[in-house]
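For reference, structure27.pdb is printed below; it contains PDB, C-alpha atoms, pLDDT in the B column.
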```
ATOM      1  CA  MET J   1       0.000   0.000   0.000  1.00 76.00           C
ATOM      2  CA  ALA J   2       1.343   3.406  -0.970  1.00 86.00           C
ATOM      3  CA  LEU J   3       2.120   5.944   1.697  1.00 88.00           C
ATOM      4  CA  ASN J   4      -0.023   9.053   1.805  1.00 85.00           C
ATOM      5  CA  PRO J   5       1.917  12.310   1.296  1.00 88.00           C
ATOM      6  CA  THR J   6       2.339  13.006   5.014  1.00 90.00           C
ATOM      7  CA  GLN J   7       3.546   9.474   5.685  1.00 93.00           C
ATOM      8  CA  PHE J   8       5.973   9.721   2.769  1.00 95.00           C
ATOM      9  CA  LEU J   9       7.349  13.001   4.093  1.00 96.00           C
ATOM     10  CA  ALA J  10       7.698  11.400   7.546  1.00 97.00           C
ATOM     11  CA  SER J  11       9.724   8.578   6.015  1.00 97.00           C
ATOM     12  CA  ILE J  12      12.182  11.193   4.779  1.00 97.00           C
ATOM     13  CA  ASP J  13      12.068  13.635   7.688  1.00 98.00           C
ATOM     14  CA  ALA J  14       9.811  12.933  10.660  1.00 97.00           C
ATOM     15  CA  ASP J  15      10.349  16.371  12.216  1.00 98.00           C
ATOM     16  CA  THR J  16       9.306  18.191   9.058  1.00 97.00           C
ATOM     17  CA  SER J  17       6.243  16.003   8.697  1.00 97.00           C
ATOM     18  CA  ALA J  18       5.254  16.581  12.340  1.00 97.00           C
ATOM     19  CA  ALA J  19       5.728  20.344  11.950  1.00 98.00           C
ATOM     20  CA  PHE J  20       3.578  20.365   8.803  1.00 96.00           C
ATOM     21  CA  THR J  21       0.838  18.398  10.565  1.00 95.00           C
ATOM     22  CA  GLN J  22       0.890  20.754  13.552  1.00 97.00           C
ATOM     23  CA  LEU J  23       0.757  23.802  11.277  1.00 97.00           C
ATOM     24  CA  ARG J  24      -2.278  22.449   9.424  1.00 95.00           C
ATOM     25  CA  LYS J  25      -4.049  21.637  12.709  1.00 95.00           C
ATOM     26  CA  ALA J  26      -3.377  25.148  14.004  1.00 97.00           C
ATOM     27  CA  VAL J  27      -4.639  26.766  10.808  1.00 96.00           C
ATOM     28  CA  MET J  28      -7.819  24.672  10.820  1.00 95.00           C
ATOM     29  CA  LYS J  29      -8.549  25.770  14.414  1.00 95.00           C
ATOM     30  CA  SER J  30      -7.554  29.417  13.946  1.00 96.00           C
ATOM     31  CA  GLY J  31     -11.063  30.830  13.715  1.00 97.00           C
ATOM     32  CA  PRO J  32     -14.788  30.186  13.942  1.00 98.00           C
ATOM     33  CA  LEU J  33     -15.196  27.978  10.860  1.00 97.00           C
ATOM     34  CA  ASP J  34     -15.979  24.328  11.484  1.00 97.00           C
ATOM     35  CA  GLU J  35     -13.837  21.520  10.084  1.00 96.00           C
ATOM     36  CA  LYS J  36     -16.156  20.744   7.169  1.00 97.00           C
ATOM     37  CA  THR J  37     -16.257  24.373   6.030  1.00 98.00           C
ATOM     38  CA  CYS J  38     -12.469  24.611   6.245  1.00 97.00           C
ATOM     39  CA  GLU J  39     -12.125  21.426   4.202  1.00 97.00           C
ATOM     40  CA  LEU J  40     -14.517  22.797   1.562  1.00 98.00           C
ATOM     41  CA  ILE J  41     -12.312  25.871   1.248  1.00 97.00           C
ATOM     42  CA  VAL J  42      -9.122  23.799   1.060  1.00 97.00           C
ATOM     43  CA  THR J  43     -10.627  21.455  -1.514  1.00 97.00           C
ATOM     44  CA  ALA J  44     -11.845  24.328  -3.677  1.00 97.00           C
ATOM     45  CA  GLY J  45      -8.347  25.773  -3.525  1.00 97.00           C
ATOM     46  CA  PHE J  46      -6.905  22.531  -4.817  1.00 97.00           C
ATOM     47  CA  ALA J  47      -9.426  22.625  -7.668  1.00 97.00           C
ATOM     48  CA  ALA J  48      -8.231  26.130  -8.524  1.00 96.00           C
ATOM     49  CA  ALA J  49      -4.618  24.941  -8.427  1.00 96.00           C
ATOM     50  CA  GLY J  50      -5.386  21.872 -10.550  1.00 95.00           C
ATOM     51  CA  SER J  51      -3.853  19.622  -7.896  1.00 95.00           C
ATOM     52  CA  GLU J  52      -5.634  16.319  -8.468  1.00 96.00           C
ATOM     53  CA  ALA J  53      -4.031  14.200  -5.748  1.00 93.00           C
ATOM     54  CA  SER J  54      -4.513  16.849  -3.066  1.00 94.00           C
ATOM     55  CA  PHE J  55      -8.065  17.547  -4.240  1.00 97.00           C
ATOM     56  CA  LYS J  56      -9.000  13.887  -4.059  1.00 96.00           C
ATOM     57  CA  THR J  57      -7.413  13.438  -0.619  1.00 94.00           C
ATOM     58  CA  HIS J  58      -9.456  16.311   0.775  1.00 96.00           C
ATOM     59  CA  ALA J  59     -12.631  15.389  -1.112  1.00 97.00           C
ATOM     60  CA  LYS J  60     -12.476  11.939   0.476  1.00 96.00           C
ATOM     61  CA  ARG J  61     -11.931  13.601   3.844  1.00 95.00           C
ATOM     62  CA  LEU J  62     -15.040  15.708   3.186  1.00 97.00           C
ATOM     63  CA  PHE J  63     -17.113  12.633   2.408  1.00 97.00           C
ATOM     64  CA  ALA J  64     -15.894  11.109   5.681  1.00 97.00           C
ATOM     65  CA  LEU J  65     -17.043  14.285   7.463  1.00 97.00           C
ATOM     66  CA  GLY J  66     -20.516  13.827   5.994  1.00 97.00           C
ATOM     67  CA  ALA J  67     -20.294  16.294   3.119  1.00 98.00           C
ATOM     68  CA  THR J  68     -22.373  15.550   0.064  1.00 97.00           C
ATOM     69  CA  ALA J  69     -21.168  15.590  -3.513  1.00 97.00           C
ATOM     70  CA  GLU J  70     -23.474  18.563  -4.050  1.00 98.00           C
ATOM     71  CA  GLU J  71     -21.707  20.557  -1.310  1.00 98.00           C
ATOM     72  CA  ILE J  72     -18.296  19.816  -2.791  1.00 98.00           C
ATOM     73  CA  ARG J  73     -19.556  20.673  -6.277  1.00 98.00           C
ATOM     74  CA  GLN J  74     -20.811  24.042  -5.029  1.00 98.00           C
ATOM     75  CA  ALA J  75     -17.451  24.760  -3.382  1.00 98.00           C
ATOM     76  CA  VAL J  76     -15.756  24.101  -6.726  1.00 98.00           C
ATOM     77  CA  LEU J  77     -18.338  26.115  -8.675  1.00 97.00           C
ATOM     78  CA  VAL J  78     -17.895  29.104  -6.353  1.00 97.00           C
ATOM     79  CA  THR J  79     -14.334  29.365  -7.677  1.00 96.00           C
ATOM     80  CA  PHE J  80     -15.547  29.398 -11.302  1.00 96.00           C
ATOM     81  CA  ALA J  81     -14.626  32.603 -13.130  1.00 92.00           C
ATOM     82  CA  ALA J  82     -13.133  33.977  -9.913  1.00 93.00           C
ATOM     83  CA  THR J  83      -9.988  31.893  -9.429  1.00 93.00           C
ATOM     84  CA  THR J  84     -10.595  28.806 -11.578  1.00 93.00           C
ATOM     85  CA  VAL J  85     -10.989  28.586 -15.344  1.00 94.00           C
ATOM     86  CA  PHE J  86     -13.772  26.607 -17.012  1.00 95.00           C
ATOM     87  CA  SER J  87     -11.722  23.556 -17.964  1.00 95.00           C
ATOM     88  CA  ASP J  88     -10.288  23.175 -14.451  1.00 95.00           C
ATOM     89  CA  VAL J  89     -13.765  23.435 -12.915  1.00 96.00           C
ATOM     90  CA  VAL J  90     -15.039  20.666 -15.186  1.00 96.00           C
ATOM     91  CA  ILE J  91     -12.043  18.483 -14.370  1.00 97.00           C
ATOM     92  CA  ALA J  92     -12.549  19.004 -10.626  1.00 97.00           C
ATOM     93  CA  LEU J  93     -16.255  18.179 -10.924  1.00 97.00           C
ATOM     94  CA  ARG J  94     -15.234  14.873 -12.510  1.00 97.00           C
ATOM     95  CA  TRP J  95     -12.782  14.228  -9.653  1.00 97.00           C
ATOM     96  CA  ILE J  96     -15.682  14.532  -7.203  1.00 97.00           C
ATOM     97  CA  ASP J  97     -17.530  11.749  -8.989  1.00 95.00           C
ATOM     98  CA  GLU J  98     -14.378   9.596  -8.921  1.00 96.00           C
ATOM     99  CA  CYS J  99     -14.042  10.121  -5.172  1.00 96.00           C
ATOM    100  CA  ALA J 100     -17.721   9.416  -4.534  1.00 93.00           C
ATOM    101  CA  ALA J 101     -17.583   6.095  -6.372  1.00 83.00           C
TER     102      ALA J 101
END
```
Represent the structure of the file as structure tokens.
Amino acid sequence: MALNPTQFLASIDADTSAAFTQLRKAVMKSGPLDEKTCELIVTAGFAAAGSEASFKTHAKRLFALGATAEEIRQAVLVTFAATTVFSDVVIALRWIDECAA
């Protein structure tokens, strides 16, 4: 079984991986937004960046948090014509279906 990105980083440098994990935890708790809302924002950002692996990791995390495909789709669509171009939005919408399967 392949290591997830954080595990892979830990296999190279455990301290760096631990610091990254702590940073992400701190950022996620830095304000009033709940975990699901934060994950929707992160996932939409990965759609805008065209980062498939990261998008899918966080989309799966969203499904585990109880998010629906419709909620994730809206998060992606909100980026449309603001930070994400048409083709990248369509690609990300397809990634959602792949993660939901």
Exactly which residues make up the result of the PyMOL selection byres ((chain J and resi 99) around 10) on this file, given as a PyMOL selection string? chain J and resi 55-61+63+69+94-98+100-101
At a cut-off of 8 Å from (-12.6, 16.0, 9.1) in the coordinates of the file, what residues are picked up using all atoms listed in the file, written as a ChimeraX atom specification? /J:35-36,39,61-62,64-65
Expand the PyMOL selection byres ((chain J and resi 86-88) around 12) into the explicit residue set it covers here, and present it as a compact mmCIF listing (two decimals) with C-alpha atoms, in the coordinates of the input.
```
# COMPACT_ATOMS: atom_id res chain seq x y z
CA ALA J 44 -11.84 24.33 -3.68
CA GLY J 45 -8.35 25.77 -3.52
CA PHE J 46 -6.90 22.53 -4.82
CA ALA J 47 -9.43 22.62 -7.67
CA ALA J 48 -8.23 26.13 -8.52
CA ALA J 49 -4.62 24.94 -8.43
CA GLY J 50 -5.39 21.87 -10.55
CA SER J 51 -3.85 19.62 -7.90
CA GLU J 52 -5.63 16.32 -8.47
CA PHE J 55 -8.06 17.55 -4.24
CA VAL J 76 -15.76 24.10 -6.73
CA LEU J 77 -18.34 26.12 -8.68
CA VAL J 78 -17.90 29.10 -6.35
CA THR J 79 -14.33 29.36 -7.68
CA PHE J 80 -15.55 29.40 -11.30
CA ALA J 81 -14.63 32.60 -13.13
CA ALA J 82 -13.13 33.98 -9.91
CA THR J 83 -9.99 31.89 -9.43
CA THR J 84 -10.60 28.81 -11.58
CA VAL J 85 -10.99 28.59 -15.34
CA VAL J 89 -13.76 23.44 -12.92
CA VAL J 90 -15.04 20.67 -15.19
CA ILE J 91 -12.04 18.48 -14.37
CA ALA J 92 -12.55 19.00 -10.63
CA LEU J 93 -16.26 18.18 -10.92
CA ARG J 94 -15.23 14.87 -12.51
CA TRP J 95 -12.78 14.23 -9.65
```
With a distance cut-off of 10 Å and all atoms listed in the file, select the neighbouring residues of Phe20 of chain J, excluding the residue or stretch itself and same-chain residues fewer than 4 positions from it, and output the selection as a PyMOL selection string. chain J and resi 6+9-10+14-16+24-26
Box time for segment 50-54 of chain J: axis-aligned, enclosing all its listed atoms, 8 Å extra on each side; report centre and edge lengths in Å to one decimal, as AutoDock Vina command-line options.
```
--center_x -4.7 --center_y 18.0 --center_z -6.8 --size_x 17.8 --size_y 23.7 --size_z 23.5
```
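Candidate residues J:Ala19, J:Asp13, J:Leu3, J:Ala67 were compared for distance to Thr43 of chain J, and the nearest is J:Ala67, using only C-alpha atoms.
Using all atoms listed in the file, the shortest contact distance between Glu71 of chain J and any of J:Ala18, J:Ala2, J:Ala53, J:Leu40 is found at J:Leu40.
Shortest separation to Ser54 of chain J among J:Met1, J:Ile72, J:Val42, J:Val27 occurs at residue J:Val42, atoms counted being only C-alpha atoms.
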If I take atom CA of Ser30 of chain J and atom CA of Asn4 of chain J, how far is one from the other in Å, to one decimal? 24.9 Å
What is the atom CA of Gly66 of chain J to atom CA of Asp34 of chain J distance in Å? 12.7 Å
What separates atom CA of Gln22 of chain J and atom CA of Arg73 of chain J is a distance of 28.5 Å
Repair of segment 33-68 of chain J at the level of N, CA and C atoms, as a PDB file, in the frame of the given file:
```pdb
ATOM      1  N   LEU J  33     -14.671  28.932  11.839  1.00 97.00           N
ATOM      2  CA  LEU J  33     -15.196  27.978  10.860  1.00 97.00           C
ATOM      3  C   LEU J  33     -15.037  26.549  11.357  1.00 97.00           C
ATOM      4  N   ASP J  34     -16.064  25.732  11.085  1.00 97.00           N
ATOM      5  CA  ASP J  34     -15.979  24.328  11.484  1.00 97.00           C
ATOM      6  C   ASP J  34     -15.096  23.552  10.497  1.00 97.00           C
ATOM      7  N   GLU J  35     -14.769  22.326  10.874  1.00 96.00           N
ATOM      8  CA  GLU J  35     -13.837  21.520  10.084  1.00 96.00           C
ATOM      9  C   GLU J  35     -14.336  21.292   8.662  1.00 96.00           C
ATOM     10  N   LYS J  36     -15.615  21.011   8.502  1.00 97.00           N
ATOM     11  CA  LYS J  36     -16.156  20.744   7.169  1.00 97.00           C
ATOM     12  C   LYS J  36     -16.049  21.977   6.272  1.00 97.00           C
ATOM     13  N   THR J  37     -16.357  23.139   6.812  1.00 98.00           N
ATOM     14  CA  THR J  37     -16.257  24.373   6.030  1.00 98.00           C
ATOM     15  C   THR J  37     -14.813  24.634   5.628  1.00 98.00           C
ATOM     16  N   CYS J  38     -13.892  24.444   6.563  1.00 97.00           N
ATOM     17  CA  CYS J  38     -12.469  24.611   6.245  1.00 97.00           C
ATOM     18  C   CYS J  38     -12.043  23.653   5.143  1.00 97.00           C
ATOM     19  N   GLU J  39     -12.478  22.412   5.229  1.00 97.00           N
ATOM     20  CA  GLU J  39     -12.125  21.426   4.202  1.00 97.00           C
ATOM     21  C   GLU J  39     -12.729  21.785   2.846  1.00 97.00           C
ATOM     22  N   LEU J  40     -13.930  22.349   2.831  1.00 98.00           N
ATOM     23  CA  LEU J  40     -14.517  22.797   1.562  1.00 98.00           C
ATOM     24  C   LEU J  40     -13.656  23.886   0.930  1.00 98.00           C
ATOM     25  N   ILE J  41     -13.169  24.800   1.752  1.00 97.00           N
ATOM     26  CA  ILE J  41     -12.312  25.871   1.248  1.00 97.00           C
ATOM     27  C   ILE J  41     -10.998  25.301   0.718  1.00 97.00           C
ATOM     28  N   VAL J  42     -10.385  24.414   1.479  1.00 97.00           N
ATOM     29  CA  VAL J  42      -9.122  23.799   1.060  1.00 97.00           C
ATOM     30  C   VAL J  42      -9.306  23.037  -0.252  1.00 97.00           C
ATOM     31  N   THR J  43     -10.379  22.272  -0.328  1.00 97.00           N
ATOM     32  CA  THR J  43     -10.627  21.455  -1.514  1.00 97.00           C
ATOM     33  C   THR J  43     -10.873  22.334  -2.737  1.00 97.00           C
ATOM     34  N   ALA J  44     -11.622  23.399  -2.565  1.00 97.00           N
ATOM     35  CA  ALA J  44     -11.845  24.328  -3.677  1.00 97.00           C
ATOM     36  C   ALA J  44     -10.532  24.962  -4.120  1.00 97.00           C
ATOM     37  N   GLY J  45      -9.662  25.239  -3.174  1.00 97.00           N
ATOM     38  CA  GLY J  45      -8.347  25.773  -3.525  1.00 97.00           C
ATOM     39  C   GLY J  45      -7.531  24.809  -4.356  1.00 97.00           C
ATOM     40  N   PHE J  46      -7.620  23.520  -4.019  1.00 97.00           N
ATOM     41  CA  PHE J  46      -6.905  22.531  -4.817  1.00 97.00           C
ATOM     42  C   PHE J  46      -7.507  22.404  -6.211  1.00 97.00           C
ATOM     43  N   ALA J  47      -8.806  22.611  -6.335  1.00 97.00           N
ATOM     44  CA  ALA J  47      -9.426  22.625  -7.668  1.00 97.00           C
ATOM     45  C   ALA J  47      -8.852  23.783  -8.478  1.00 97.00           C
ATOM     46  N   ALA J  48      -8.765  24.949  -7.838  1.00 96.00           N
ATOM     47  CA  ALA J  48      -8.231  26.130  -8.524  1.00 96.00           C
ATOM     48  C   ALA J  48      -6.779  25.923  -8.946  1.00 96.00           C
ATOM     49  N   ALA J  49      -6.033  25.198  -8.125  1.00 96.00           N
ATOM     50  CA  ALA J  49      -4.618  24.941  -8.427  1.00 96.00           C
ATOM     51  C   ALA J  49      -4.429  23.790  -9.409  1.00 96.00           C
ATOM     52  N   GLY J  50      -5.501  23.022  -9.655  1.00 95.00           N
ATOM     53  CA  GLY J  50      -5.386  21.872 -10.550  1.00 95.00           C
ATOM     54  C   GLY J  50      -4.608  20.724  -9.933  1.00 95.00           C
ATOM     55  N   SER J  51      -4.625  20.639  -8.617  1.00 95.00           N
ATOM     56  CA  SER J  51      -3.853  19.622  -7.896  1.00 95.00           C
ATOM     57  C   SER J  51      -4.736  18.403  -7.615  1.00 95.00           C
ATOM     58  N   GLU J  52      -4.728  17.461  -8.533  1.00 96.00           N
ATOM     59  CA  GLU J  52      -5.634  16.319  -8.468  1.00 96.00           C
ATOM     60  C   GLU J  52      -5.454  15.474  -7.210  1.00 96.00           C
ATOM     61  N   ALA J  53      -4.244  15.078  -6.899  1.00 93.00           N
ATOM     62  CA  ALA J  53      -4.031  14.200  -5.748  1.00 93.00           C
ATOM     63  C   ALA J  53      -4.479  14.868  -4.450  1.00 93.00           C
ATOM     64  N   SER J  54      -4.115  16.131  -4.274  1.00 94.00           N
ATOM     65  CA  SER J  54      -4.513  16.849  -3.066  1.00 94.00           C
ATOM     66  C   SER J  54      -6.031  17.041  -3.024  1.00 94.00           C
ATOM     67  N   PHE J  55      -6.617  17.380  -4.171  1.00 97.00           N
ATOM     68  CA  PHE J  55      -8.065  17.547  -4.240  1.00 97.00           C
ATOM     69  C   PHE J  55      -8.767  16.266  -3.809  1.00 97.00           C
ATOM     70  N   LYS J  56      -8.338  15.153  -4.364  1.00 96.00           N
ATOM     71  CA  LYS J  56      -9.000  13.887  -4.059  1.00 96.00           C
ATOM     72  C   LYS J  56      -8.807  13.484  -2.600  1.00 96.00           C
ATOM     73  N   THR J  57      -7.646  13.735  -2.036  1.00 94.00           N
ATOM     74  CA  THR J  57      -7.413  13.438  -0.619  1.00 94.00           C
ATOM     75  C   THR J  57      -8.412  14.208   0.247  1.00 94.00           C
ATOM     76  N   HIS J  58      -8.573  15.482  -0.041  1.00 96.00           N
ATOM     77  CA  HIS J  58      -9.456  16.311   0.775  1.00 96.00           C
ATOM     78  C   HIS J  58     -10.927  16.082   0.456  1.00 96.00           C
ATOM     79  N   ALA J  59     -11.247  15.734  -0.782  1.00 97.00           N
ATOM     80  CA  ALA J  59     -12.631  15.389  -1.112  1.00 97.00           C
ATOM     81  C   ALA J  59     -13.053  14.135  -0.348  1.00 97.00           C
ATOM     82  N   LYS J  60     -12.170  13.161  -0.289  1.00 96.00           N
ATOM     83  CA  LYS J  60     -12.476  11.939   0.476  1.00 96.00           C
ATOM     84  C   LYS J  60     -12.624  12.263   1.954  1.00 96.00           C
ATOM     85  N   ARG J  61     -11.807  13.167   2.451  1.00 95.00           N
ATOM     86  CA  ARG J  61     -11.931  13.601   3.844  1.00 95.00           C
ATOM     87  C   ARG J  61     -13.293  14.269   4.060  1.00 95.00           C
ATOM     88  N   LEU J  62     -13.730  15.065   3.089  1.00 97.00           N
ATOM     89  CA  LEU J  62     -15.040  15.708   3.186  1.00 97.00           C
ATOM     90  C   LEU J  62     -16.165  14.684   3.225  1.00 97.00           C
ATOM     91  N   PHE J  63     -16.084  13.676   2.374  1.00 97.00           N
ATOM     92  CA  PHE J  63     -17.113  12.633   2.408  1.00 97.00           C
ATOM     93  C   PHE J  63     -17.132  11.959   3.774  1.00 97.00           C
ATOM     94  N   ALA J  64     -15.974  11.727   4.350  1.00 97.00           N
ATOM     95  CA  ALA J  64     -15.894  11.109   5.681  1.00 97.00           C
ATOM     96  C   ALA J  64     -16.498  12.016   6.758  1.00 97.00           C
ATOM     97  N   LEU J  65     -16.453  13.332   6.520  1.00 97.00           N
ATOM     98  CA  LEU J  65     -17.043  14.285   7.463  1.00 97.00           C
ATOM     99  C   LEU J  65     -18.545  14.459   7.247  1.00 97.00           C
ATOM    100  N   GLY J  66     -19.085  13.756   6.257  1.00 97.00           N
ATOM    101  CA  GLY J  66     -20.516  13.827   5.994  1.00 97.00           C
ATOM    102  C   GLY J  66     -20.924  14.801   4.907  1.00 97.00           C
ATOM    103  N   ALA J  67     -19.962  15.385   4.214  1.00 98.00           N
ATOM    104  CA  ALA J  67     -20.294  16.294   3.119  1.00 98.00           C
ATOM    105  C   ALA J  67     -20.914  15.508   1.969  1.00 98.00           C
ATOM    106  N   THR J  68     -21.768  16.165   1.245  1.00 97.00           N
ATOM    107  CA  THR J  68     -22.373  15.550   0.064  1.00 97.00           C
ATOM    108  C   THR J  68     -21.602  15.973  -1.181  1.00 97.00           C
TER     109      THR J  68
END
```
